[in-house]
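Shown here: structure_31.tsv, TSV, C-alpha atoms.
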```
chain	number	residue	atom	x	y	z
A	29	MET	CA	-0.63	-21.73	-19.03
A	30	THR	CA	3.05	-22.14	-18.22
A	31	ASP	CA	3.82	-20.93	-21.75
A	32	THR	CA	1.74	-17.82	-21.14
A	33	GLU	CA	3.60	-17.23	-17.90
A	34	THR	CA	7.02	-17.57	-19.51
A	35	ARG	CA	6.04	-15.27	-22.35
A	36	LEU	CA	4.28	-12.63	-20.26
A	37	LYS	CA	7.02	-12.60	-17.66
A	38	ALA	CA	9.72	-12.07	-20.29
A	39	LEU	CA	7.68	-9.27	-21.89
A	40	MET	CA	7.01	-7.63	-18.56
A	41	LEU	CA	10.68	-7.75	-17.57
A	42	ARG	CA	11.62	-6.08	-20.85
A	43	GLY	CA	8.85	-3.54	-20.32
A	44	LEU	CA	10.26	-2.70	-16.90
A	45	GLU	CA	13.59	-2.06	-18.56
A	46	GLY	CA	11.91	0.54	-20.76
A	47	ASP	CA	11.02	-1.52	-23.88
A	48	ALA	CA	7.70	0.08	-24.88
A	49	ARG	CA	6.88	-2.50	-27.59
A	50	ALA	CA	7.34	-5.44	-25.25
A	51	TYR	CA	5.32	-3.66	-22.58
A	52	ARG	CA	2.53	-2.94	-25.04
A	53	GLU	CA	2.38	-6.58	-26.08
A	54	CYS	CA	2.41	-7.71	-22.47
A	55	LEU	CA	-0.55	-5.47	-21.61
A	56	ALA	CA	-2.42	-6.50	-24.77
A	57	VAL	CA	-2.08	-10.22	-24.00
A	58	LEU	CA	-3.02	-9.54	-20.41
A	59	GLY	CA	-6.05	-7.56	-21.57
A	60	VAL	CA	-7.39	-10.57	-23.48
A	61	ARG	CA	-6.93	-12.77	-20.42
A	62	LEU	CA	-8.60	-10.21	-18.18
A	63	ARG	CA	-11.59	-9.86	-20.50
A	64	ALA	CA	-12.19	-13.60	-20.33
A	65	TYR	CA	-11.62	-13.64	-16.58
A	66	PHE	CA	-14.13	-10.86	-15.88
A	67	ALA	CA	-16.68	-12.03	-18.47
A	68	ARG	CA	-16.88	-15.42	-16.76
A	69	ARG	CA	-17.40	-13.88	-13.35
A	70	MET	CA	-19.61	-10.92	-14.24
A	71	SER	CA	-22.33	-12.49	-16.33
A	72	GLY	CA	-24.86	-10.36	-14.42
A	73	ALA	CA	-23.23	-7.14	-15.64
A	74	PRO	CA	-21.56	-7.70	-19.00
A	75	GLY	CA	-21.45	-3.93	-19.61
A	76	ASP	CA	-19.01	-3.50	-16.74
A	77	VAL	CA	-16.51	-6.02	-18.07
A	78	GLU	CA	-14.52	-3.61	-20.23
A	79	ASP	CA	-14.38	-1.01	-17.46
A	80	MET	CA	-12.93	-3.65	-15.18
A	81	VAL	CA	-10.39	-4.69	-17.80
A	82	GLN	CA	-9.25	-1.07	-18.14
A	83	GLU	CA	-9.22	-0.42	-14.42
A	84	THR	CA	-7.12	-3.54	-13.87
A	85	LEU	CA	-4.66	-2.70	-16.66
A	86	LEU	CA	-4.20	0.74	-15.09
A	87	ALA	CA	-3.65	-0.87	-11.69
A	88	VAL	CA	-1.14	-3.36	-13.12
A	89	HIS	CA	0.78	-0.41	-14.55
A	90	ILE	CA	0.63	1.84	-11.49
A	91	LYS	CA	1.36	-0.94	-8.99
A	92	ARG	CA	4.06	-2.66	-11.05
A	93	ALA	CA	6.70	-1.99	-8.38
A	94	THR	CA	4.89	-4.48	-6.11
A	95	TRP	CA	5.52	-7.38	-8.47
A	96	ASP	CA	8.49	-9.34	-7.13
A	97	SER	CA	10.22	-10.55	-10.30
A	98	SER	CA	11.37	-13.74	-8.56
A	99	GLN	CA	7.66	-14.68	-8.39
A	100	SER	CA	5.09	-15.59	-11.03
A	101	PHE	CA	3.86	-12.59	-13.02
A	102	THR	CA	0.50	-14.12	-13.96
A	103	ALA	CA	-0.17	-15.02	-10.31
A	104	TRP	CA	0.51	-11.42	-9.36
A	105	ALA	CA	-1.65	-10.02	-12.18
A	106	HIS	CA	-4.41	-12.44	-11.23
A	107	ALA	CA	-4.22	-11.25	-7.63
A	108	VAL	CA	-4.62	-7.66	-8.85
A	109	ALA	CA	-7.64	-8.66	-10.98
A	110	ARG	CA	-9.17	-10.59	-8.12
A	111	TYR	CA	-8.77	-7.63	-5.77
A	112	LYS	CA	-10.37	-5.32	-8.34
A	113	LEU	CA	-13.31	-7.68	-8.79
A	114	ILE	CA	-13.93	-8.04	-5.05
A	115	ASP	CA	-13.66	-4.27	-4.71
A	116	HIS	CA	-16.12	-3.87	-7.58
A	117	TRP	CA	-18.65	-6.17	-5.93
A	118	ARG	CA	-18.21	-4.44	-2.59
A	119	ARG	CA	-19.00	-1.11	-4.24
A	120	ARG	CA	-21.89	-2.54	-6.25
A	121	LYS	CA	-23.63	-3.56	-3.06
A	122	ILE	CA	-23.69	0.09	-2.09
A	123	ARG	CA	-24.96	1.07	-5.51
A	124	GLN	CA	-27.77	-1.46	-5.47
A	125	THR	CA	-29.41	0.49	-2.67
A	126	LEU	CA	-29.77	3.33	-5.22
A	127	PRO	CA	-32.13	1.84	-7.82
A	128	ILE	CA	-32.26	4.97	-10.02
A	129	ASP	CA	-28.53	4.89	-10.56
A	130	ASP	CA	-28.81	1.21	-11.33
A	131	HIS	CA	-31.33	1.86	-14.05
A	132	ALA	CA	-29.25	4.56	-15.72
A	133	GLU	CA	-26.29	2.23	-15.60
A	134	PHE	CA	-28.35	-0.51	-17.17
A	135	LEU	CA	-29.47	1.69	-20.08
A	136	ALA	CA	-25.98	2.95	-20.69
A	137	ALA	CA	-24.62	-0.57	-20.61
A	138	GLU	CA	-27.10	-1.62	-23.30
A	139	GLU	CA	-25.69	0.82	-25.80
A	140	HIS	CA	-22.00	0.47	-25.67
A	141	ASP	CA	-19.83	-1.68	-27.88
A	142	PRO	CA	-17.56	-4.40	-26.62
A	143	GLY	CA	-13.99	-3.22	-26.36
A	144	VAL	CA	-15.04	0.22	-25.21
A	145	GLY	CA	-15.13	1.23	-21.56
A	146	LEU	CA	-17.23	4.13	-20.25
A	147	GLU	CA	-15.79	4.76	-16.82
A	148	LEU	CA	-12.43	5.74	-18.23
A	149	ASP	CA	-13.98	8.42	-20.44
A	150	ARG	CA	-15.83	9.85	-17.46
A	151	ALA	CA	-12.68	9.79	-15.38
A	152	LEU	CA	-10.71	11.36	-18.20
A	153	ALA	CA	-13.27	14.15	-18.59
A	154	SER	CA	-12.86	15.05	-14.92
A	155	LEU	CA	-9.08	15.52	-15.16
A	156	PRO	CA	-7.56	19.01	-15.32
A	157	ASP	CA	-7.17	20.21	-18.95
A	158	ARG	CA	-3.40	19.83	-19.08
A	159	GLN	CA	-3.44	16.23	-17.91
A	160	ARG	CA	-6.39	15.35	-20.13
A	161	ILE	CA	-4.77	16.79	-23.24
A	162	LEU	CA	-1.53	15.00	-22.49
A	163	VAL	CA	-3.27	11.63	-22.12
A	164	SER	CA	-5.29	12.07	-25.30
A	165	ASP	CA	-2.28	13.29	-27.29
A	166	VAL	CA	-0.31	10.20	-26.39
A	167	LYS	CA	-3.21	7.78	-26.68
A	168	LEU	CA	-5.28	9.15	-29.56
A	169	ALA	CA	-2.85	11.02	-31.75
A	170	GLY	CA	-0.11	8.55	-30.97
A	171	LEU	CA	2.37	11.35	-30.35
A	172	SER	CA	5.65	10.54	-28.68
A	173	LEU	CA	6.27	11.92	-25.22
A	174	ALA	CA	8.66	14.51	-26.67
A	175	GLU	CA	6.04	15.70	-29.19
A	176	ALA	CA	3.22	15.77	-26.66
A	177	GLY	CA	5.51	17.63	-24.28
A	178	ALA	CA	6.39	20.20	-26.96
A	179	ARG	CA	2.68	20.82	-27.58
A	180	ALA	CA	2.15	21.37	-23.86
A	181	GLY	CA	5.29	23.48	-23.67
A	182	ILE	CA	7.19	21.14	-21.35
A	183	SER	CA	10.24	18.87	-21.70
A	184	GLU	CA	10.02	15.16	-22.49
A	185	GLY	CA	11.00	14.29	-18.92
A	186	ALA	CA	8.34	16.60	-17.51
A	187	ALA	CA	5.79	15.11	-19.92
A	188	LYS	CA	6.65	11.64	-18.67
A	189	VAL	CA	6.18	12.67	-15.04
A	190	ALA	CA	2.96	14.54	-15.87
A	191	LEU	CA	1.58	11.53	-17.76
A	192	HIS	CA	2.51	9.29	-14.82
A	193	ARG	CA	0.54	11.57	-12.46
A	194	ALA	CA	-2.37	11.80	-14.87
A	195	LEU	CA	-2.62	7.99	-15.08
A	196	LYS	CA	-2.53	7.72	-11.30
A	197	ALA	CA	-5.29	10.30	-10.99
A	198	LEU	CA	-7.28	8.43	-13.64
A	199	ALA	CA	-7.04	5.16	-11.73
A	200	GLU	CA	-8.17	6.85	-8.54
A	201	ARG	CA	-11.11	8.57	-10.24
A	202	MET	CA	-12.21	5.44	-12.07
A	203	ARG	CA	-12.43	3.63	-8.78
A	204	ARG	CA	-14.41	6.41	-7.17
A	205	ALA	CA	-16.67	7.00	-10.15
A	206	ASP	CA	-18.28	3.64	-9.46
A	207	ARG	CA	-19.61	4.60	-6.03
B	24	MET	CA	-12.28	4.84	-24.47
B	25	ARG	CA	-11.02	1.81	-26.32
B	26	THR	CA	-8.83	-0.49	-24.31
B	27	ASP	CA	-6.21	-0.43	-27.07
B	28	ASP	CA	-5.88	3.34	-26.66
B	29	LEU	CA	-5.35	2.92	-22.96
B	30	ILE	CA	-2.68	0.30	-23.58
B	31	ASP	CA	-0.90	2.71	-25.93
B	32	ALA	CA	-0.87	5.40	-23.27
B	33	LEU	CA	0.46	2.93	-20.71
B	34	ALA	CA	3.12	1.59	-23.09
B	35	ALA	CA	4.48	5.13	-23.41
B	36	GLN	CA	5.28	4.79	-19.70
B	37	ALA	CA	7.33	1.61	-20.01
B	38	GLY	CA	10.15	1.30	-17.51
B	39	PRO	CA	10.35	0.92	-13.76
B	40	ASP	CA	8.11	2.81	-11.36
B	41	PRO	CA	9.98	6.05	-10.59
B	42	GLY	CA	9.04	5.63	-6.92
B	43	GLY	CA	11.39	2.66	-6.57
B	44	SER	CA	10.96	-0.83	-5.15
B	45	PRO	CA	8.84	-1.42	-2.03
B	46	SER	CA	11.92	-2.19	0.07
B	47	ARG	CA	13.57	1.06	-0.97
B	48	ARG	CA	10.47	3.04	-0.04
B	49	LEU	CA	10.23	1.26	3.30
B	50	ALA	CA	13.92	1.84	4.06
B	51	LEU	CA	13.27	5.53	3.48
B	52	LEU	CA	10.27	5.34	5.82
B	53	VAL	CA	12.36	3.73	8.59
B	54	GLY	CA	15.01	6.44	8.18
B	55	LEU	CA	12.35	9.15	8.44
B	56	GLY	CA	10.77	7.38	11.43
B	57	VAL	CA	14.09	7.37	13.30
B	58	ALA	CA	14.66	11.04	12.43
B	59	VAL	CA	11.18	12.11	13.59
B	60	ALA	CA	11.39	10.18	16.88
B	61	LEU	CA	14.94	11.39	17.49
B	62	ALA	CA	13.89	14.99	16.92
B	63	GLY	CA	11.02	14.46	19.36
B	64	VAL	CA	13.32	13.06	22.05
B	65	LEU	CA	16.04	15.68	21.58
B	66	ILE	CA	13.78	18.73	21.39
B	67	TRP	CA	10.72	17.80	23.40
B	68	LEU	CA	11.46	15.00	25.88
B	69	LYS	CA	15.24	15.41	26.31
B	70	VAL	CA	17.76	12.60	26.51
B	71	ARG	CA	18.12	10.92	29.92
B	72	PRO	CA	21.09	12.52	31.73
B	73	ASP	CA	22.71	9.19	32.65
B	74	LEU	CA	22.71	7.90	29.05
B	75	MET	CA	26.48	7.40	28.88
B	76	ASP	CA	26.52	5.35	32.10
B	77	VAL	CA	23.55	3.09	31.26
B	78	MET	CA	24.84	2.33	27.78
B	79	SER	CA	27.31	-0.07	29.38
B	80	GLY	CA	24.46	-1.89	31.16
B	81	GLY	CA	22.59	-4.88	29.78
B	82	PHE	CA	18.98	-3.84	30.22
B	83	PHE	CA	19.32	-0.67	28.17
B	84	TRP	CA	20.23	-2.80	25.18
B	85	LEU	CA	17.74	-5.55	26.00
B	86	LYS	CA	14.95	-2.98	26.00
B	87	ALA	CA	16.17	-1.58	22.68
B	88	ALA	CA	16.39	-5.11	21.24
B	89	TYR	CA	12.80	-5.85	22.33
B	90	THR	CA	11.23	-2.77	20.79
B	91	GLY	CA	13.56	-3.01	17.80
B	92	ALA	CA	12.35	-6.57	17.21
B	93	LEU	CA	8.72	-5.40	17.33
B	94	GLY	CA	9.60	-2.81	14.67
B	95	LEU	CA	11.42	-5.42	12.60
B	96	ALA	CA	8.37	-7.69	12.81
B	97	GLY	CA	6.27	-4.80	11.53
B	98	TYR	CA	8.73	-4.22	8.69
B	99	LEU	CA	8.73	-7.89	7.62
B	100	ALA	CA	4.92	-7.95	7.61
B	101	VAL	CA	4.62	-4.62	5.76
B	102	GLU	CA	7.10	-5.70	3.10
B	103	ARG	CA	4.83	-8.66	2.25
B	104	LEU	CA	1.46	-7.00	2.85
B	105	ALA	CA	2.41	-4.24	0.39
B	106	ARG	CA	1.90	-6.82	-2.39
B	107	PRO	CA	-1.37	-8.40	-3.55
B	108	LEU	CA	-0.33	-11.93	-2.60
B	109	GLY	CA	1.61	-11.05	0.52
B	110	SER	CA	1.38	-13.15	3.66
B	111	PRO	CA	2.38	-11.48	6.96
B	112	ARG	CA	3.24	-14.82	8.57
B	113	ARG	CA	6.96	-14.20	9.18
B	114	GLY	CA	6.35	-10.83	10.78
B	115	LEU	CA	3.45	-12.09	12.89
B	116	VAL	CA	5.45	-15.06	14.17
B	117	LEU	CA	8.43	-12.88	15.11
B	118	GLY	CA	6.25	-10.19	16.70
B	119	LEU	CA	4.14	-12.60	18.76
B	120	THR	CA	7.19	-14.62	19.89
B	121	VAL	CA	9.05	-11.54	21.09
B	122	LEU	CA	5.96	-10.01	22.71
B	123	VAL	CA	4.94	-13.18	24.53
B	124	GLY	CA	8.54	-13.84	25.65
B	125	PHE	CA	8.99	-10.37	27.08
B	126	VAL	CA	5.58	-10.28	28.76
B	127	LEU	CA	6.23	-13.70	30.33
B	128	ALA	CA	9.52	-12.40	31.75
B	129	GLY	CA	7.53	-9.45	33.11
B	130	LEU	CA	4.97	-11.77	34.73
B	131	VAL	CA	7.75	-13.73	36.45
B	132	GLN	CA	9.34	-10.52	37.71
B	133	PHE	CA	5.92	-9.30	38.85
B	134	GLY	CA	5.26	-12.55	40.72
B	135	LEU	CA	8.64	-12.62	42.46
B	136	SER	CA	8.62	-8.99	43.56
B	137	ASP	CA	7.77	-7.84	47.09
B	138	ASP	CA	6.20	-4.69	45.73
B	139	PRO	CA	4.93	-5.51	42.25
B	140	MET	CA	2.69	-2.46	41.92
B	141	THR	CA	5.68	-0.15	42.25
B	142	LEU	CA	7.37	-2.06	39.47
B	143	LEU	CA	4.28	-1.72	37.31
B	144	ARG	CA	3.94	2.01	37.89
B	145	GLY	CA	7.62	2.82	37.67
B	146	GLY	CA	8.12	6.57	37.52
B	147	SER	CA	6.28	7.33	34.30
B	148	TRP	CA	3.46	4.85	33.70
B	149	THR	CA	0.97	7.64	33.01
B	150	ARG	CA	3.09	9.03	30.17
B	151	CYS	CA	5.08	6.17	28.64
B	152	SER	CA	2.56	4.67	26.18
B	153	LEU	CA	1.27	8.10	25.19
B	154	ASN	CA	4.79	9.38	24.52
B	155	ILE	CA	5.51	6.39	22.28
B	156	LEU	CA	2.22	6.96	20.47
B	157	ALA	CA	3.11	10.63	19.98
B	158	LEU	CA	6.57	9.77	18.64
B	159	GLY	CA	5.23	6.99	16.40
B	160	ALA	CA	2.03	8.58	15.06
B	161	PRO	CA	3.71	10.79	12.41
B	162	THR	CA	5.59	7.80	11.03
B	163	THR	CA	2.40	5.74	11.05
B	164	LEU	CA	0.74	8.40	8.89
B	165	LEU	CA	3.77	8.62	6.59
B	166	GLY	CA	3.78	4.83	6.34
B	167	LEU	CA	0.13	4.76	5.31
B	168	GLY	CA	1.04	7.26	2.60
B	169	VAL	CA	3.81	4.94	1.41
B	170	MET	CA	1.37	2.00	1.45
B	171	ARG	CA	-1.10	3.91	-0.70
B	172	GLY	CA	1.52	3.90	-3.44
B	173	LEU	CA	1.87	0.12	-3.13
B	174	ALA	CA	-0.78	-2.59	-3.45
B	175	PRO	CA	-2.04	-3.92	-0.10
B	176	THR	CA	-5.11	-6.16	-0.41
B	177	ARG	CA	-5.71	-6.50	3.35
B	178	PRO	CA	-6.04	-2.86	4.41
B	179	THR	CA	-6.63	-3.33	8.15
B	180	LEU	CA	-3.80	-5.80	8.62
B	181	ALA	CA	-1.46	-3.74	6.43
B	182	GLY	CA	-2.26	-0.63	8.49
B	183	PHE	CA	-1.62	-2.59	11.70
B	184	ALA	CA	1.79	-3.69	10.44
B	185	VAL	CA	2.67	-0.13	9.38
B	186	GLY	CA	1.78	1.07	12.88
B	187	ALA	CA	3.83	-1.72	14.51
B	188	LEU	CA	6.80	-0.73	12.39
B	189	ALA	CA	6.42	2.95	13.30
B	190	GLY	CA	5.74	2.17	16.97
B	191	GLY	CA	8.72	-0.17	17.25
B	192	VAL	CA	11.03	2.47	15.81
B	193	ALA	CA	9.55	5.17	18.06
B	194	ALA	CA	9.78	3.02	21.22
B	195	THR	CA	13.40	2.15	20.50
B	196	VAL	CA	14.34	5.82	20.15
B	197	TYR	CA	12.20	6.62	23.22
B	198	GLY	CA	14.63	4.44	25.22
B	199	LEU	CA	17.11	7.30	24.94
B	200	HIS	CA	14.80	9.39	27.12
B	201	CYS	CA	13.11	6.89	29.40
B	202	ALA	CA	14.98	5.45	32.36
B	203	GLU	CA	12.54	2.64	33.19
B	204	SER	CA	14.40	-0.66	33.43
B	205	THR	CA	12.15	-3.53	34.47
B	206	PHE	CA	10.56	-6.31	32.43
B	207	VAL	CA	7.23	-5.49	34.09
B	208	PHE	CA	7.23	-1.85	33.07
B	209	VAL	CA	8.59	-2.27	29.55
B	210	GLY	CA	6.48	-5.39	28.94
B	211	VAL	CA	3.30	-3.48	29.75
B	212	TRP	CA	3.72	0.19	28.85
B	213	TYR	CA	6.17	-0.01	25.95
B	214	SER	CA	4.16	-2.85	24.43
B	215	LEU	CA	0.95	-0.85	24.83
B	216	GLY	CA	2.60	2.16	23.18
B	217	VAL	CA	3.62	0.09	20.16
B	218	LEU	CA	0.18	-1.55	20.03
B	219	ALA	CA	-1.47	1.89	20.18
B	220	CYS	CA	0.46	2.90	17.05
B	221	ALA	CA	-0.54	-0.38	15.41
B	222	ALA	CA	-4.20	0.20	16.33
B	223	LEU	CA	-4.02	3.71	14.88
B	224	GLY	CA	-2.56	2.26	11.68
B	225	ALA	CA	-5.21	-0.47	11.52
B	226	GLY	CA	-8.09	1.98	12.00
B	227	LEU	CA	-6.85	4.45	9.44
B	228	GLY	CA	-5.58	1.73	7.08
B	229	ARG	CA	-9.05	0.21	6.93
B	230	LEU	CA	-10.37	3.51	5.62
B	231	THR	CA	-7.53	4.72	3.43
B	232	LEU	CA	-5.74	1.71	1.94
B	233	ARG	CA	-8.12	0.96	-0.92
B	234	TRP	CA	-6.98	1.28	-4.50
```
Transcribe the structure of this file into structure tokens.
Amino acid sequence: MTDTETRLKALMLRGLEGDARAYRECLAVLGVRLRAYFARRMSGAPGDVEDMVQETLLAVHIKRATWDSSQSFTAWAHAVARYKLIDHWRRRKIRQTLPIDDHAEFLAAEEHDPGVGLELDRALASLPDRQRILVSDVKLAGLSLAEAGARAGISEGAAKVALHRALKALAERMRRADR
Amino acid sequence: MRTDDLIDALAAQAGPDPGGSPSRRLALLVGLGVAVALAGVLIWLKVRPDLMDVMSGGFFWLKAAYTGALGLAGYLAVERLARPLGSPRRGLVLGLTVLVGFVLAGLVQFGLSDDPMTLLRGGSWTRCSLNILALGAPTTLLGLGVMRGLAPTRPTLAGFAVGALAGGVAATVYGLHCAESTFVFVGVWYSLGVLACAALGAGLGRLTLRW
């Protein structure tokens, strides 16, 4: 556990300095931890686990300024996950008064593979075209920011800002989509 | 979407949050809060004409120190409550200590006075708290906007602290207009003005500070 903390913290610090590879590794390790964390606590809704993992990773990224680097990184990430889980349960209570929705959710959950989240796709589909294309260029095609920007006809800097906004909008929509 | 794809997209955004650290954002908020309240006093309420004379007196500064401390308490609490693990203890302790101390001084003054009700009413009791609320409300709203970019996990309390910060700043600037100079008056109406901002922040924070 302490080893994980030392490793993750070092990776996160490098990520905050702009090291994309370190940041990627940090998020990947965190993703594995989160999957286990949510799977243990959401045995009643295993289909929602991956959505929660993705929502939490997005939150970790968007809220990274609130991590105080003199403090434990895993404790902070755990606090984010815990908040997301409580929030999820709070919203589920509302949803359970709508049994039809529940049923649809149940059927959908049956079909999907582990490692794939559904909410994010729905949220992504609701983004404006420009933002959606930018996200899928960077994520699917693996284009660099400069290349994705060139395709959209904007500079690398503008692409970075636009992607930042798109991710924020995604996080917000994912949270709302669950209502 | 596969989680790996999401991680790739996020990794492309490595580096610090362009919005800056929480303390930088809050410093900006305090600066804006002072500017908004100052504009309100200069344009709308007007500075008290005897400002130069009273600035040499003790109570002018004592009043400013009291409301300033309430704002500082709000700041300390907000700075912690903006983070998922944050505890507002330091801010709460400072705020309660200052509030209770000042109100006790007001009670003593009230008890010793021959005409306590005149002290309580002063010359502006009908307006004081409302003026502070008016000067502090814009900053409370701005502060909630700042908090939405951070990660508060206790929305009502975080909103309350934002309002206390905004109200403390507004009340301190309001001292440039208001000539009231008793513990009784300031202890009641200034405190209520700051608490009104805090209540506004708590009510709106409860609804808007989810992420």
Inset, instruction - Tell me, as number ranges by chain, which residues lie within 8 Å of segment 83-98 of chain A, counting only C-alpha atoms; anything in the same chain fewer than 5 positions away does not count. - result: A: 41, 55, 58-59, 104-105, 108-109, 112, 148, 195-196, 199, 202-203; B: 30, 33, 39-40, 43-45, 105-107, 172-174
Just-selected residues, C-alpha atoms written as a CSV table (one decimal), in the frame of the given file:
```
chain,number,residue,atom,x,y,z
A,41,LEU,CA,10.7,-7.8,-17.6
A,55,LEU,CA,-0.6,-5.5,-21.6
A,58,LEU,CA,-3.0,-9.5,-20.4
A,59,GLY,CA,-6.0,-7.6,-21.6
A,104,TRP,CA,0.5,-11.4,-9.4
A,105,ALA,CA,-1.6,-10.0,-12.2
A,108,VAL,CA,-4.6,-7.7,-8.8
A,109,ALA,CA,-7.6,-8.7,-11.0
A,112,LYS,CA,-10.4,-5.3,-8.3
A,148,LEU,CA,-12.4,5.7,-18.2
A,195,LEU,CA,-2.6,8.0,-15.1
A,196,LYS,CA,-2.5,7.7,-11.3
A,199,ALA,CA,-7.0,5.2,-11.7
A,202,MET,CA,-12.2,5.4,-12.1
A,203,ARG,CA,-12.4,3.6,-8.8
B,30,ILE,CA,-2.7,0.3,-23.6
B,33,LEU,CA,0.5,2.9,-20.7
B,39,PRO,CA,10.4,0.9,-13.8
B,40,ASP,CA,8.1,2.8,-11.4
B,43,GLY,CA,11.4,2.7,-6.6
B,44,SER,CA,11.0,-0.8,-5.2
B,45,PRO,CA,8.8,-1.4,-2.0
B,105,ALA,CA,2.4,-4.2,0.4
B,106,ARG,CA,1.9,-6.8,-2.4
B,107,PRO,CA,-1.4,-8.4,-3.6
B,172,GLY,CA,1.5,3.9,-3.4
B,173,LEU,CA,1.9,0.1,-3.1
B,174,ALA,CA,-0.8,-2.6,-3.4
```
Legend entry - Within-8 Å shell of (2.0, 0.9, 10.1) in input frame, only C-alpha atoms, as a PyMOL selection string: chain B and resi 97+101+162-164+166-167+181-190+220-221+224-225
Legend entry - Length of the atom CA of Arg160 of chain A to atom CA of Arg171 of chain B vector [Å]: 23.2 Å
Please report as a tab-separated table every residue of chain A lying within 6 Å of chain B, along with the nearest atom pair and their distance in Å (one decimal), using only C-alpha atoms.
```
residue	atom	partner	partner_atom	distance
A:Gly43	CA	B:Ala37	CA	5.4
A:Leu44	CA	B:Gly38	CA	4.0
A:Glu45	CA	B:Gly38	CA	4.9
A:Gly46	CA	B:Gly38	CA	3.8
A:Ala48	CA	B:Ala37	CA	5.1
A:Tyr51	CA	B:Ala34	CA	5.7
A:Arg52	CA	B:Ala34	CA	5.0
A:Lys91	CA	B:Leu173	CA	6.0
A:Ala93	CA	B:Ser44	CA	5.5
A:Thr94	CA	B:Arg106	CA	5.3
A:Ala107	CA	B:Pro107	CA	5.7
A:Gly143	CA	B:Arg25	CA	5.8
A:Val144	CA	B:Arg25	CA	4.5
A:Gly145	CA	B:Met24	CA	5.4
A:Asp149	CA	B:Met24	CA	5.7
A:Val166	CA	B:Ala32	CA	5.8
A:Lys167	CA	B:Ala32	CA	4.8
```
Inset, instruction - Excluding Glu33 of chain A and any residue of its chain fewer than 6 positions from it, enumerate the residues within 10 Å of it, using all atoms listed in the file, and give them as a list in words. - result: Leu39, Ser100, Phe101, Thr102 and Ala103 of chain A
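Using only C-alpha atoms, the shortest contact distance between Tyr213 of chain B and any of B:Leu93, B:Leu130, B:Leu165, B:Met78 is found at B:Leu93.
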Inset, instruction - Could you give me, as number ranges by chain, the residues within 12 Å of Val209 of chain B, counting all atoms listed in the file and dropping anything in the same chain fewer than 3 positions from it? - result: B: 82-83, 85-90, 122, 125-130, 132-133, 142-148, 151-152, 155, 194-195, 197-198, 201-206, 212-217
Build an axis-aligned box that encloses every atom of segment 177-181 of chain B listed in the file, pad it by 3 Å on each side, and report its centre and edge lengths in Å to one decimal, as lines of an AutoDock Vina configuration file.
```
center_x = -4.0
center_y = -4.7
center_z = 6.0
size_x = 11.2
size_y = 9.6
size_z = 11.3
```
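In this model, the gap between atom CA of Leu156 of chain B and atom CA of Ala219 of chain B comes to 6.3 Å.
Of the listed residues (A:Glu78, A:Glu184, A:Glu200, A:Asp115), A:Glu200 comes nearest to Leu155 of chain A; the distances count all atoms listed in the file.
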Inset, instruction - Please measure the separation of atom CA of Leu198 of chain A and atom CA of Pro178 of chain B, giving the value in Å to one decimal. - result: 21.3 Å
Inset, instruction - With all atoms listed in the file counted, which protein, DNA or RNA residues have an atom no more than 6 Å from (9.9, -5.8, 13.9) in the file frame? Please answer as a list of chain:residue names. - result: B:Ala92, B:Leu93, B:Gly94, B:Leu95, B:Ala96, B:Gly97, B:Tyr98
Skipping near chain neighbours, those fewer than 6 positions away, what residues fall within 10 Å of Gly185 of chain A using all atoms listed in the file, listed as an mmCIF file with C-alpha atoms, in the frame of the given file?
```cif
data_model
loop_
_atom_site.group_PDB
_atom_site.id
_atom_site.type_symbol
_atom_site.label_atom_id
_atom_site.label_comp_id
_atom_site.auth_asym_id
_atom_site.auth_seq_id
_atom_site.Cartn_x
_atom_site.Cartn_y
_atom_site.Cartn_z
ATOM 1 C CA LEU A 173 6.270 11.920 -25.220
ATOM 2 C CA ALA A 174 8.660 14.510 -26.670
ATOM 3 C CA GLY A 177 5.510 17.630 -24.280
ATOM 4 C CA LEU A 191 1.580 11.530 -17.760
#
```
Legend entry - Nearby residues (all atoms listed in the file) at most 8 Å from Arg112 of chain B, same-chain spacing under 3 positions excluded, as a list in words: Ala100, Leu115 and Val116 of chain B
Start from the incomplete input, build N, CA and C atoms for segment 138-144 of chain B, and deliver everything as a PDB file, in the coordinates of the input.
```pdb
ATOM      1  N   ASP B 138       7.042  -5.855  45.947  1.00  0.00           N
ATOM      2  CA  ASP B 138       6.200  -4.690  45.730  1.00  0.00           C
ATOM      3  C   ASP B 138       5.885  -4.542  44.240  1.00  0.00           C
ATOM      4  N   PRO B 139       5.115  -5.471  43.709  1.00  0.00           N
ATOM      5  CA  PRO B 139       4.930  -5.510  42.250  1.00  0.00           C
ATOM      6  C   PRO B 139       4.275  -4.249  41.683  1.00  0.00           C
ATOM      7  N   MET B 140       3.376  -3.616  42.480  1.00  0.00           N
ATOM      8  CA  MET B 140       2.690  -2.460  41.920  1.00  0.00           C
ATOM      9  C   MET B 140       3.637  -1.295  41.664  1.00  0.00           C
ATOM     10  N   THR B 141       4.683  -1.197  42.476  1.00  0.00           N
ATOM     11  CA  THR B 141       5.680  -0.150  42.250  1.00  0.00           C
ATOM     12  C   THR B 141       6.443  -0.417  40.950  1.00  0.00           C
ATOM     13  N   LEU B 142       6.715  -1.701  40.731  1.00  0.00           N
ATOM     14  CA  LEU B 142       7.370  -2.060  39.470  1.00  0.00           C
ATOM     15  C   LEU B 142       6.490  -1.665  38.289  1.00  0.00           C
ATOM     16  N   LEU B 143       5.203  -1.960  38.421  1.00  0.00           N
ATOM     17  CA  LEU B 143       4.280  -1.720  37.310  1.00  0.00           C
ATOM     18  C   LEU B 143       4.152  -0.220  37.023  1.00  0.00           C
ATOM     19  N   ARG B 144       4.114   0.573  38.090  1.00  0.00           N
ATOM     20  CA  ARG B 144       3.940   2.010  37.890  1.00  0.00           C
ATOM     21  C   ARG B 144       5.221   2.706  37.485  1.00  0.00           C
TER      22      ARG B 144
END
```
